[in-house]
>>> print(open('my_file17.cif').read())   # mmCIF, C-alpha atoms
data_target
#
loop_
_atom_site.label_atom_id
_atom_site.label_comp_id
_atom_site.auth_asym_id
_atom_site.auth_seq_id
_atom_site.Cartn_x
_atom_site.Cartn_y
_atom_site.Cartn_z
CA MET A 1 70.59 -181.26 11.97
CA THR A 2 67.17 -182.83 12.41
CA LEU A 3 64.84 -182.22 15.33
CA ASP A 4 65.47 -185.82 16.47
CA GLU A 5 69.18 -185.04 16.66
CA PHE A 6 68.60 -181.71 18.40
CA PHE A 7 66.28 -183.29 20.98
CA ARG A 8 68.57 -186.37 21.27
CA ILE A 9 65.64 -188.77 20.91
CA GLY A 10 66.43 -192.07 22.63
CA THR A 11 69.58 -190.81 24.35
CA THR A 12 69.77 -190.71 28.14
CA VAL A 13 71.18 -187.36 29.24
CA THR A 14 72.74 -187.15 32.70
CA LEU A 15 71.65 -183.91 34.32
CA GLY A 16 73.98 -184.18 37.32
CA SER A 17 74.18 -185.55 40.82
CA HIS A 18 73.15 -184.17 44.19
CA THR A 19 73.92 -185.28 47.74
CA PHE A 20 70.95 -184.92 50.09
CA GLU A 21 72.44 -183.53 53.30
CA PRO A 22 70.48 -183.82 56.58
CA GLU A 23 70.06 -180.09 57.17
CA ALA A 24 68.85 -179.48 53.61
CA ILE A 25 66.38 -182.37 53.91
CA LYS A 26 64.96 -180.92 57.12
CA ALA A 27 64.82 -177.34 55.79
CA PHE A 28 62.93 -178.42 52.66
CA ALA A 29 60.56 -180.61 54.66
CA ARG A 30 59.77 -177.90 57.22
CA LYS A 31 58.59 -175.69 54.34
CA TYR A 32 56.89 -178.19 52.05
CA ASP A 33 56.45 -181.70 53.51
CA PRO A 34 56.65 -181.79 57.33
CA GLN A 35 56.51 -185.55 57.82
CA ILE A 36 58.32 -186.91 60.87
CA PHE A 37 60.78 -188.97 58.78
CA HIS A 38 61.84 -185.79 56.93
CA ILE A 39 62.31 -183.42 59.90
CA ASP A 40 63.38 -185.36 63.00
CA GLU A 41 66.35 -187.75 62.85
CA ALA A 42 65.55 -189.58 66.09
CA ALA A 43 61.87 -190.04 65.23
CA ALA A 44 62.81 -191.05 61.68
CA GLN A 45 64.90 -193.93 63.08
CA LYS A 46 61.73 -195.31 64.71
CA SER A 47 59.52 -194.70 61.67
CA VAL A 48 58.52 -197.13 58.95
CA LEU A 49 61.37 -195.72 56.79
CA GLY A 50 64.02 -196.32 59.46
CA GLY A 51 65.96 -193.08 59.02
CA LEU A 52 65.94 -189.48 57.92
CA CYS A 53 65.05 -189.33 54.23
CA ALA A 54 64.35 -186.62 51.69
CA SER A 55 60.81 -185.76 50.74
CA GLY A 56 59.86 -187.14 47.36
CA TRP A 57 59.02 -183.56 46.43
CA HIS A 58 62.58 -182.56 47.36
CA THR A 59 63.90 -185.22 45.01
CA ALA A 60 61.54 -184.10 42.22
CA ALA A 61 62.43 -180.43 42.76
CA THR A 62 66.12 -181.28 42.49
CA TRP A 63 65.45 -183.05 39.17
CA MET A 64 63.72 -179.89 37.91
CA LYS A 65 66.55 -177.62 39.05
CA LEU A 66 69.15 -179.76 37.29
CA ASN A 67 66.97 -180.13 34.20
CA LEU A 68 66.63 -176.38 33.83
CA GLU A 69 70.36 -175.89 34.36
CA ASN A 70 71.08 -178.49 31.69
CA ARG A 71 68.53 -177.25 29.19
CA LEU A 72 71.14 -174.65 28.38
CA ASP A 73 73.22 -177.34 26.65
CA ALA A 74 70.53 -177.61 23.97
CA GLU A 75 70.08 -173.84 23.83
CA ASP A 76 73.82 -173.37 23.32
CA ALA A 77 74.02 -176.05 20.61
CA ASN A 78 75.01 -174.95 17.15
CA TRP A 79 71.71 -175.24 15.31
CA ASN A 80 72.15 -175.90 11.60
CA GLY A 81 68.69 -177.19 10.82
CA PRO A 82 65.98 -175.47 8.81
CA GLY A 83 64.52 -172.25 10.21
CA PRO A 84 65.32 -170.62 13.53
CA MET A 85 66.75 -172.58 16.43
CA PRO A 86 64.01 -174.38 18.43
CA GLU A 87 62.95 -172.47 21.53
CA PHE A 88 61.80 -174.25 24.69
CA GLY A 89 58.53 -173.08 26.19
CA PRO A 90 56.39 -174.16 29.14
CA SER A 91 55.64 -177.66 30.30
CA PRO A 92 52.03 -178.84 30.22
CA GLY A 93 52.80 -181.07 33.20
CA PHE A 94 53.84 -184.57 34.15
CA LYS A 95 52.24 -187.95 34.80
CA ASN A 96 53.01 -191.34 36.29
CA LEU A 97 55.17 -189.93 39.09
CA LYS A 98 56.69 -192.75 41.16
CA TRP A 99 58.88 -192.49 44.23
CA LEU A 100 60.39 -195.96 44.10
CA LYS A 101 62.79 -195.92 47.02
CA PRO A 102 63.57 -193.54 49.90
CA VAL A 103 66.55 -191.22 49.54
CA TYR A 104 68.31 -191.24 52.92
CA ALA A 105 70.40 -188.44 54.36
CA GLY A 106 73.89 -188.46 52.87
CA GLU A 107 72.91 -190.32 49.70
CA THR A 108 74.01 -189.04 46.33
CA VAL A 109 71.45 -189.30 43.57
CA THR A 110 72.05 -188.98 39.82
CA PHE A 111 69.32 -187.41 37.68
CA THR A 112 68.58 -188.16 34.01
CA ARG A 113 66.15 -187.44 31.21
CA MET A 114 65.51 -189.06 27.86
CA ALA A 115 63.52 -187.48 25.05
CA VAL A 116 61.31 -190.19 23.56
CA SER A 117 59.19 -188.46 20.92
CA HIS A 118 57.88 -185.18 19.57
CA ARG A 119 54.81 -184.27 17.59
CA PRO A 120 53.21 -181.16 16.14
CA ILE A 121 50.49 -179.45 18.16
CA SER A 122 47.57 -178.90 15.80
CA SER A 123 46.10 -176.04 17.85
CA ARG A 124 49.46 -174.19 17.92
CA PRO A 125 51.11 -174.10 14.50
CA GLY A 126 54.90 -173.93 14.74
CA TRP A 127 54.98 -175.71 18.13
CA ARG A 128 55.79 -179.31 18.99
CA LEU A 129 55.21 -181.38 22.13
CA LEU A 130 58.40 -183.10 23.31
CA ALA A 131 57.82 -186.15 25.54
CA LEU A 132 60.45 -187.04 28.17
CA LEU A 133 61.19 -189.93 30.52
CA CYS A 134 62.68 -188.55 33.72
CA ALA A 135 64.49 -190.50 36.43
CA ALA A 136 66.83 -190.45 39.39
CA SER A 137 69.02 -193.29 40.67
CA ASP A 138 70.99 -193.84 43.85
CA SER A 139 74.66 -194.84 44.01
CA THR A 140 73.76 -198.54 43.59
CA GLY A 141 71.92 -197.78 40.34
CA ASP A 142 68.47 -198.35 41.83
CA LYS A 143 65.83 -195.93 40.58
CA VAL A 144 64.46 -193.72 43.34
CA LEU A 145 62.23 -191.52 41.15
CA GLU A 146 60.64 -191.70 37.73
CA PHE A 147 57.98 -189.80 35.84
CA GLU A 148 56.90 -188.81 32.35
CA SER A 149 57.05 -185.15 31.40
CA ALA A 150 56.55 -182.96 28.37
CA VAL A 151 57.62 -179.56 27.15
CA LEU A 152 56.37 -177.29 24.39
CA VAL A 153 59.00 -176.33 21.80
CA LYS A 154 58.63 -173.56 19.23
CA VAL A 155 60.20 -174.72 15.98
CA GLU A 156 59.15 -172.01 13.50
#
>>> encode(input="my_file17.cif", output="C-alpha cells")
Amino acid sequence: MTLDEFFRIGTTVTLGSHTFEPEAIKAFARKYDPQIFHIDEAAAQKSVLGGLCASGWHTAATWMKLNLENRLDAEDANWNGPGPMPEFGPSPGFKNLKWLKPVYAGETVTFTRMAVSHRPISSRPGWRLLALLCAASDSTGDKVLEFESAVLVKVE
C-alpha cells in the first residue's frame, strides 16, 4: 500500500450527517456565538437571515467532531506499506474558511473531506504534511461550508 492509497488522495470521504436541531443551535450559540439569529427564533424571523440558523462555528465544530470520529477508519486500516503504520498528529491549522449558506434549524448537513496532497516536512524528518479540502452540504447538495486544512502525519 502506498501513502497515496492510505490517505485516499483525490477521493471524497463522507464523514457523516448531522441535523441541526433548534435547541442545540441555541445552546451552542449562547456559549460561543450569541447572535440574535442563533439564539432567538422570533427575532431570527425578522433578521437578515429570516430564521433561526446555526452558527458557522457550530457547523465547523460538527465537521471537526465527525472528522475525528472518522479518522479511526484510517487508523484501523490494515497497513501493508513499508515501515510502521502512519500516525496522525496535530493540525497546523486551516485557511480559506467560507460559510457559503446559512444552515437553518432542522436542516441535515453532510460533511466530507478529500485528501489532495502530502509532502515531507524538511524540519521534521519522518513527518509529512497532508493537505485536505473540507466541506459540508445541505440536503439539496448546496455547499454550506468549505475550508482547506492540513494535518501532520508521522510516517517513520
>>> closest_atom_pairs(input="my_file17.cif", of="region 62-113 of chain A", to="region 133-147 of chain A", cutoff="12 Å", atoms="only C-alpha atoms", output="JSON lines")
{"residue": "A:Thr62", "atom": "CA", "partner": "A:Ala136", "partner_atom": "CA", "distance": 9.7}
{"residue": "A:Trp63", "atom": "CA", "partner": "A:Ala136", "partner_atom": "CA", "distance": 7.5}
{"residue": "A:Met64", "atom": "CA", "partner": "A:Cys134", "partner_atom": "CA", "distance": 9.7}
{"residue": "A:Leu66", "atom": "CA", "partner": "A:Ala136", "partner_atom": "CA", "distance": 11.1}
{"residue": "A:Asn67", "atom": "CA", "partner": "A:Cys134", "partner_atom": "CA", "distance": 9.5}
{"residue": "A:Gly93", "atom": "CA", "partner": "A:Phe147", "partner_atom": "CA", "distance": 10.5}
{"residue": "A:Phe94", "atom": "CA", "partner": "A:Phe147", "partner_atom": "CA", "distance": 6.9}
{"residue": "A:Lys95", "atom": "CA", "partner": "A:Phe147", "partner_atom": "CA", "distance": 6.1}
{"residue": "A:Asn96", "atom": "CA", "partner": "A:Phe147", "partner_atom": "CA", "distance": 5.2}
{"residue": "A:Leu97", "atom": "CA", "partner": "A:Phe147", "partner_atom": "CA", "distance": 4.3}
{"residue": "A:Lys98", "atom": "CA", "partner": "A:Glu146", "partner_atom": "CA", "distance": 5.3}
{"residue": "A:Trp99", "atom": "CA", "partner": "A:Leu145", "partner_atom": "CA", "distance": 4.7}
{"residue": "A:Leu100", "atom": "CA", "partner": "A:Val144", "partner_atom": "CA", "distance": 4.7}
{"residue": "A:Lys101", "atom": "CA", "partner": "A:Val144", "partner_atom": "CA", "distance": 4.6}
{"residue": "A:Pro102", "atom": "CA", "partner": "A:Val144", "partner_atom": "CA", "distance": 6.6}
{"residue": "A:Val103", "atom": "CA", "partner": "A:Val144", "partner_atom": "CA", "distance": 7.0}
{"residue": "A:Tyr104", "atom": "CA", "partner": "A:Asp138", "partner_atom": "CA", "distance": 9.8}
{"residue": "A:Ala105", "atom": "CA", "partner": "A:Asp138", "partner_atom": "CA", "distance": 11.8}
{"residue": "A:Gly106", "atom": "CA", "partner": "A:Asp138", "partner_atom": "CA", "distance": 10.9}
{"residue": "A:Glu107", "atom": "CA", "partner": "A:Asp138", "partner_atom": "CA", "distance": 7.1}
{"residue": "A:Thr108", "atom": "CA", "partner": "A:Asp138", "partner_atom": "CA", "distance": 6.2}
{"residue": "A:Val109", "atom": "CA", "partner": "A:Asp138", "partner_atom": "CA", "distance": 4.6}
{"residue": "A:Thr110", "atom": "CA", "partner": "A:Ser137", "partner_atom": "CA", "distance": 5.3}
{"residue": "A:Phe111", "atom": "CA", "partner": "A:Ala136", "partner_atom": "CA", "distance": 4.3}
{"residue": "A:Thr112", "atom": "CA", "partner": "A:Ala135", "partner_atom": "CA", "distance": 5.3}
{"residue": "A:Arg113", "atom": "CA", "partner": "A:Cys134", "partner_atom": "CA", "distance": 4.4}
>>> closest_residue(input="my_file17.cif", among="A:Met1, A:Ala24, A:Ile121, A:Leu15", to="Leu68 (chain A)", atoms="only C-alpha atoms")
A:Leu15
>>> residues_around(input="my_file17.cif", residues="Phe28 (chain A)", least_positions_apart="5", cutoff="10 Å", atoms="only C-alpha atoms", output="list of chain:residue names")
A:Glu23, A:Asp33, A:Pro34, A:His38, A:Ile39, A:Ala54, A:Ser55, A:Trp57, A:His58
>>> write_last_selection(input="my_file17.cif", atoms="C-alpha atoms", output="PDB file, in the frame of the given file")
ATOM      1  CA  GLU A  23      70.060-180.090  57.170  1.00  0.00           C
ATOM      2  CA  ASP A  33      56.450-181.700  53.510  1.00  0.00           C
ATOM      3  CA  PRO A  34      56.650-181.790  57.330  1.00  0.00           C
ATOM      4  CA  HIS A  38      61.840-185.790  56.930  1.00  0.00           C
ATOM      5  CA  ILE A  39      62.310-183.420  59.900  1.00  0.00           C
ATOM      6  CA  ALA A  54      64.350-186.620  51.690  1.00  0.00           C
ATOM      7  CA  SER A  55      60.810-185.760  50.740  1.00  0.00           C
ATOM      8  CA  TRP A  57      59.020-183.560  46.430  1.00  0.00           C
ATOM      9  CA  HIS A  58      62.580-182.560  47.360  1.00  0.00           C
TER      10      HIS A  58
END
>>> atom_distance(input="my_file17.cif", atom1="CA of Pro90 (chain A)", atom2="CA of Phe20 (chain A)")
27.7 Å
>>> atom_distance(input="my_file17.cif", atom1="CA of Pro125 (chain A)", atom2="CA of Ser91 (chain A)")
16.8 Å
>>> atom_distance(input="my_file17.cif", atom1="CA of Trp79 (chain A)", atom2="CA of Leu132 (chain A)")
20.8 Å
>>> resolve_selection(input="my_file17.cif", expression="the PyMOL selection byres ((chain A and resi 40) around 12)", output="PyMOL selection string")
chain A and resi 22-23+25-27+29-30+34-39+41-47+50-54+105
>>> closest_residue(input="my_file17.cif", among="A:Leu129, A:Arg124, A:Arg8, A:His18", to="Ala60 (chain A)", atoms="all atoms listed in the file")
A:His18
>>> resolve_selection(input="my_file17.cif", expression="the PyMOL selection byres ((chain A and resi 4) around 12)", output="PyMOL selection string")
chain A and resi 1-3+5-11+81+86+114-119+128+130-131
>>> residues_near_point(input="my_file17.cif", point="(57.0, -171.9, 24.5)", cutoff="9 Å", atoms="all atoms listed in the file", output="PyMOL selection string")
chain A and resi 87-91+127+151-154
